[in-house]
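**Student:** One structure, pasted below without further comment.
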Amino acid sequence: MKKLIWIALAVWASLAALTAEDIRILIQAGQHPAMAIPDFRGSGAAAGLMGPFNQTLWSDIDGAGLFRMAPKTSYPTMVPQQLSDFREQPAAVETPRARSRNQLVSPPTGGGLWMSDWSNPPVSANYLAIGYTAVQNDVLVLYGWLLDLSRGTPANAQVIGKRYLGSVDAAGSRKVAHEFAADILAVFGQKSLFGTKIIFVSDRSRQKEVWMMDPDGSNQRQITNFRSLSIMPAIAPDSSKIAFTSYARGNPGIFVFALDPVRQLQFYNQVASLNETPDFTPDGKQIVYSSSASGWAQIYIANLDGSNLRRISSSSAIEVEPKVNPKTGSEMVFVSGRSGPQQIYRMNMDGADVERLTPGEGEAGNPSWNPNGQYIAFSWTQGYASGNFNIFIMDVATRNYTQLTHGEGRNENPSWAPDGQHLVFMSTRTGSHQIWTMLADGTQLKQLTTQGNNWTPVWGK
C-alpha cells in the first residue's frame, strides 16, 4: 500500500516576502524550518519561575512537529532579551590582501547581538524567539518576540511582539509560556493544544474510573467515583460533556456528565443487556452507541437524554464503536463482525451504503476520525507485528494506510488531537497500560501517565 502522506505538500521557501499574517508553512517531509529558543531570564521574583517557563515554551514548540529545534549548545554567548539589545552588523570590509584576491572578509561575529549570529552556522536558525519576564504590581509579565531572521533588521524581522500576564507562581509561568507558544504556532497556521483536555480511564483508585488531564500529562484528576467499572469515554465536540459506559447500575449503560462543574446528567438507557461505546454527533445534540436491545449489539442514535431513540445498523453480527465524521456529519465508521473477525466499516447515518474499510485480515478496531474528516486512526493486528495491535492511519477515500507503531507491546485506542496532527493512545510498551501521545507520523512519543493502569484516551478541545 502506498504510504499515507496526510500533511499537505508544499516546499518551504522565500518567507521573507510575506507579512506576519501571510506566513503559512505546509511541511513537506524533512523540510522543517529551524527554530532557536534560548532560555528566557526573569528579574527579581520572576527569576525563580523561569525553570517551568523555559521547559514549557520549548516543549510546546518542539512538540508541535513544525520545526527543527536548533540545539541550545550551538547558541552564542550573549542572548538578546529584547529588540533593542541587537546591534547593527557592520558591512564586510575589504583588506589589502583580500583586495588582491578580489574577496571580502567578514568581520567577527557580534557574540549573539547580531541577527546573523543566529541565522549563520552553527545555529543556522530561520526563526528566533526571545524575551524576558518581570513581576509588576504582583503580576508576572512576559515580554515575548518572534523574529524571522531572513528579514534583515530586527525591526523588520519582528513577527510577534507582545506582552503576556500570569500569576506569580509556577502555574502562571507555564500559562504565559503556553500563550506565547500558541501565538507562535498560530503564525504558521497550527492550533495550540494549550487548554485542550484528555479524558481517560484509570484503575489507580482501585476501580476503573474516568479521569481527565492536560495534554502534557499534568493536572490529572478523577471525574467519576462510582466504585464500579466506568469505561470507554467520549467527549462532546465543545468539550462541555462526556459520555461513557458504566456498570454502576448492573448491566453496562450509558452515562453523561457535564464537566464544568462536574455533574451527572440524565440519560435514559433502553432495556438491554448492554448499552455501550457512546460517541457524540458533531453538533453535540445526539449520541450514537451500541445496544443489544434487539438481540445482537447494533448501532443506535438518541438525543442527549436518551430520548428519540432509533436503530441505524441491522445485521446478525456484533457492531460497536460508532464514530460520526466530524466534518460532514453524514457518515460514520464502526466496528463489526459481519464478515468474521472484527473489522472497520463505513455507512451513511441512515444505515445505507455499508462498506468495509479494512481488508479483512487480522482484527481491527478503535476507529477515530481526524478533524478534517478525511482520515481515521485505528488499531489493527495486521502489520509488522501480526497478532498484536498497532496504530494505523487510513485515508478513507483511497483506503491507503500507514503503520505508526511497530512491535512495542499492544498499542490501541488512538484519538486525534484537535490540531489534527497529534494522537493520544494506550500502549503496554513499558509493561503496564499507559497513555502516550505522538505526532501522526509516529514520532515525538511522550508518556503521559505512570500511576496504575490507564486506558481508552480521548482528546477534546
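Scheme for the C-alpha cells: letters A, B, ... for chains in order shown; per-chain residue numbers from 1; ligand numbers from 1 in order shown.
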Name the residues in contact with Asp305 (chain A) at a cut-off of 10 Å, using only C-alpha atoms, excluding same-chain residues fewer than 5 positions from it; report them as a list in words.

**Tutor:**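 The filter keeps Phe255, Val256, Leu265, Gln266, Phe267, Tyr268, Asn269, Lys285, Gln286 and Ile287 of chain A.
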
**Student:** Report as a ChimeraX atom specification all protein, DNA and RNA residues lying within 8 Å of region 113-130 of chain A, evaluated on only C-alpha atoms, omitting residues in the same chain fewer than 4 positions from it.

**Tutor:** /A:33-38,40,70-71,74-76,78-82,85-89,109,144-150,152-154

**Student:** Could those residues be written to a file, using C-alpha atoms, as a compact mmCIF listing (two decimals), in the first residue's frame?

**Tutor:**
```
# COMPACT_ATOMS: atom_id res chain seq x y z
CA PRO A 33 12.40 25.49 9.32
CA ALA A 34 14.85 25.81 12.22
CA MET A 35 13.72 27.50 15.43
CA ALA A 36 16.07 28.84 18.12
CA ILE A 37 14.65 29.41 21.62
CA PRO A 38 17.32 30.42 24.14
CA PHE A 40 14.49 33.38 28.91
CA ALA A 70 18.33 24.40 16.95
CA PRO A 71 20.21 22.85 19.91
CA SER A 74 25.09 25.90 19.46
CA TYR A 75 23.85 29.27 20.72
CA PRO A 76 26.12 32.34 21.05
CA MET A 78 25.23 36.61 24.62
CA VAL A 79 21.45 36.29 24.25
CA PRO A 80 19.34 39.36 23.41
CA GLN A 81 16.26 39.72 25.61
CA GLN A 82 14.50 42.37 23.52
CA ASP A 85 19.59 44.54 22.57
CA PHE A 86 20.53 43.81 18.95
CA ARG A 87 23.40 45.71 17.38
CA GLU A 88 23.73 46.77 13.76
CA GLN A 89 26.07 44.49 11.91
CA THR A 109 30.60 37.88 15.00
CA GLY A 144 8.00 37.95 24.05
CA TRP A 145 9.20 38.40 20.46
CA LEU A 146 9.40 36.11 17.46
CA LEU A 147 11.85 37.15 14.73
CA ASP A 148 12.07 35.99 11.13
CA LEU A 149 15.85 36.07 10.71
CA SER A 150 15.66 36.42 6.92
CA GLY A 152 17.47 41.97 7.57
CA THR A 153 16.95 44.19 10.59
CA PRO A 154 15.36 43.46 14.00
```

**Student:** One number please: CA of Leu423 (chain A) to CA of Leu404 (chain A), in Å, one decimal.

**Tutor:**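 Interatomic distance here is 10.4 Å.
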
**Student:** I'd like to know which of A:Val333, A:Leu445, A:Ile61, A:Leu142 is closest to Arg41 (chain A), using only C-alpha atoms.

**Tutor:**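 Going through A:Val333, A:Leu445, A:Ile61, A:Leu142 one by one, the smallest distance to Arg41 (chain A) is for A:Leu142.
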
**Student:** Which value, in Å to one decimal, gives the distance between CA of Thr430 (chain A) and CA of Gly362 (chain A)?

**Tutor:**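 Going from CA of Thr430 (chain A) over to CA of Gly362 (chain A) covers 24.2 Å.
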
**Student:** Between A:Ser307, A:Gln207, A:Ser379, A:Thr56, which residue has the minimum interatomic distance to Ser415 (chain A), considering only C-alpha atoms?

**Tutor:**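 The answer is A:Ser379, which sits nearest to Ser415 (chain A).
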
**Student:** Which of region 146-257 of chain A counts as alpha helix (DSSP H) under DSSP, as a VMD selection string please?

**Tutor:** chain A and resid 154 to 157 170 to 187

**Student:** Near Gln222 (chain A), within 9 Å and counting only C-alpha atoms, which residues show up once chain neighbours fewer than 5 positions away are dropped, as a VMD selection string?

**Tutor:** chain A and resid 202 205 209 to 213

**Student:** Please run DSSP on the backbone and report, as number ranges by chain, all residues within region 128-286 of chain A that come out as strand (DSSP E).

**Tutor:** A: 128-136, 139-148, 158-166, 197-205, 207-213, 221-222, 230-235, 241-246, 253-259, 262-265, 275-280, 286

**Student:** Please provide the set of residues having any atom within 10 Å of region 337-353 of chain A, restricted to only C-alpha atoms, with same-chain residues fewer than 3 positions apart removed, written as a ChimeraX atom specification.

**Tutor:** /A:299-301,310-325,329-334,356-367,378-380,396

**Student:** For Arg206 (chain A), work out the shell of residues within 12 Å, counting only C-alpha atoms and skipping chain neighbours fewer than 6 positions away, then give it as a PyMOL selection string.

**Tutor:** chain A and resi 225-230+451-454

**Student:** Residues within 8 Å of Ser273 (chain A), please, as a list in words. Count only C-alpha atoms; anything in the same chain fewer than 4 positions from it doesn't count.

**Tutor:**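 Listing them by chain and then by number gives Asn251, Pro252, Ser291, Ser292 and Ala293 of chain A.
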
**Student:** Selection from above, all heavy atoms, as an mmCIF file, in the first residue's frame, can you write it?

**Tutor:**
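Listed below is the output, result_8.cif:
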```cif
data_model
loop_
_atom_site.group_PDB
_atom_site.id
_atom_site.type_symbol
_atom_site.label_atom_id
_atom_site.label_comp_id
_atom_site.auth_asym_id
_atom_site.auth_seq_id
_atom_site.Cartn_x
_atom_site.Cartn_y
_atom_site.Cartn_z
ATOM 1 N N ASN A 251 -26.061 -3.930 34.603
ATOM 2 C CA ASN A 251 -25.684 -4.080 33.205
ATOM 3 C C ASN A 251 -24.994 -2.813 32.702
ATOM 4 O O ASN A 251 -25.288 -1.710 33.176
ATOM 5 C CB ASN A 251 -26.925 -4.346 32.344
ATOM 6 C CG ASN A 251 -27.521 -5.711 32.579
ATOM 7 O OD1 ASN A 251 -26.842 -6.626 33.066
ATOM 8 N ND2 ASN A 251 -28.801 -5.867 32.255
ATOM 9 N N PRO A 252 -24.089 -2.949 31.750
ATOM 10 C CA PRO A 252 -23.418 -1.750 31.225
ATOM 11 C C PRO A 252 -24.415 -0.789 30.602
ATOM 12 O O PRO A 252 -25.268 -1.187 29.787
ATOM 13 C CB PRO A 252 -22.443 -2.312 30.187
ATOM 14 C CG PRO A 252 -22.956 -3.682 29.868
ATOM 15 C CD PRO A 252 -23.612 -4.183 31.099
ATOM 16 N N SER A 291 -26.148 -1.006 21.306
ATOM 17 C CA SER A 291 -27.086 -1.583 22.262
ATOM 18 C C SER A 291 -27.511 -2.973 21.795
ATOM 19 O O SER A 291 -27.623 -3.229 20.588
ATOM 20 C CB SER A 291 -28.321 -0.696 22.410
ATOM 21 O OG SER A 291 -29.287 -1.314 23.249
ATOM 22 N N SER A 292 -27.768 -3.854 22.765
ATOM 23 C CA SER A 292 -28.235 -5.208 22.461
ATOM 24 C C SER A 292 -29.748 -5.323 22.619
ATOM 25 O O SER A 292 -30.273 -6.431 22.783
ATOM 26 C CB SER A 292 -27.534 -6.222 23.376
ATOM 27 O OG SER A 292 -27.859 -5.968 24.738
ATOM 28 N N ALA A 293 -30.457 -4.205 22.564
ATOM 29 C CA ALA A 293 -31.914 -4.229 22.750
ATOM 30 C C ALA A 293 -32.606 -5.120 21.736
ATOM 31 O O ALA A 293 -33.666 -5.687 22.014
ATOM 32 C CB ALA A 293 -32.470 -2.814 22.669
#
```

**Student:** Contacts of Met426 (chain A) at 8 Å or less, counting only C-alpha atoms, minus same-chain residues fewer than 5 places along, as a VMD selection string?

**Tutor:** chain A and resid 410 to 414 433 to 436 454 to 457

**Student:** Would you save the residues of that selection, restricted to C-alpha atoms, as a PDB file, in the first residue's frame?

**Tutor:**
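What landed in selection.pdb:
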```pdb
ATOM      1  CA  ARG A 410      -0.126  -3.542  22.500  1.00  0.00           C
ATOM      2  CA  ASN A 411      -0.980  -0.132  21.053  1.00  0.00           C
ATOM      3  CA  GLU A 412      -4.699   0.662  20.956  1.00  0.00           C
ATOM      4  CA  ASN A 413      -7.431   3.295  21.270  1.00  0.00           C
ATOM      5  CA  PRO A 414      -5.937   6.132  19.196  1.00  0.00           C
ATOM      6  CA  HIS A 433      -1.208   0.042  30.296  1.00  0.00           C
ATOM      7  CA  GLN A 434      -0.271   3.724  29.967  1.00  0.00           C
ATOM      8  CA  ILE A 435      -1.319   6.766  27.939  1.00  0.00           C
ATOM      9  CA  TRP A 436       1.052   8.134  25.303  1.00  0.00           C
ATOM     10  CA  ASN A 454      -4.718   3.608  32.125  1.00  0.00           C
ATOM     11  CA  TRP A 455      -6.829   3.039  29.017  1.00  0.00           C
ATOM     12  CA  THR A 456      -9.023   4.441  26.235  1.00  0.00           C
ATOM     13  CA  PRO A 457      -7.954   8.094  25.990  1.00  0.00           C
TER      14      PRO A 457
END
```

**Student:** Looking at only C-alpha atoms, which of A:Tyr289, A:Tyr375, A:Phe67, A:Phe53 is the one that sits closest to Ser173 (chain A)?

**Tutor:**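 For Ser173 (chain A), the nearest of the given residues is A:Phe53.
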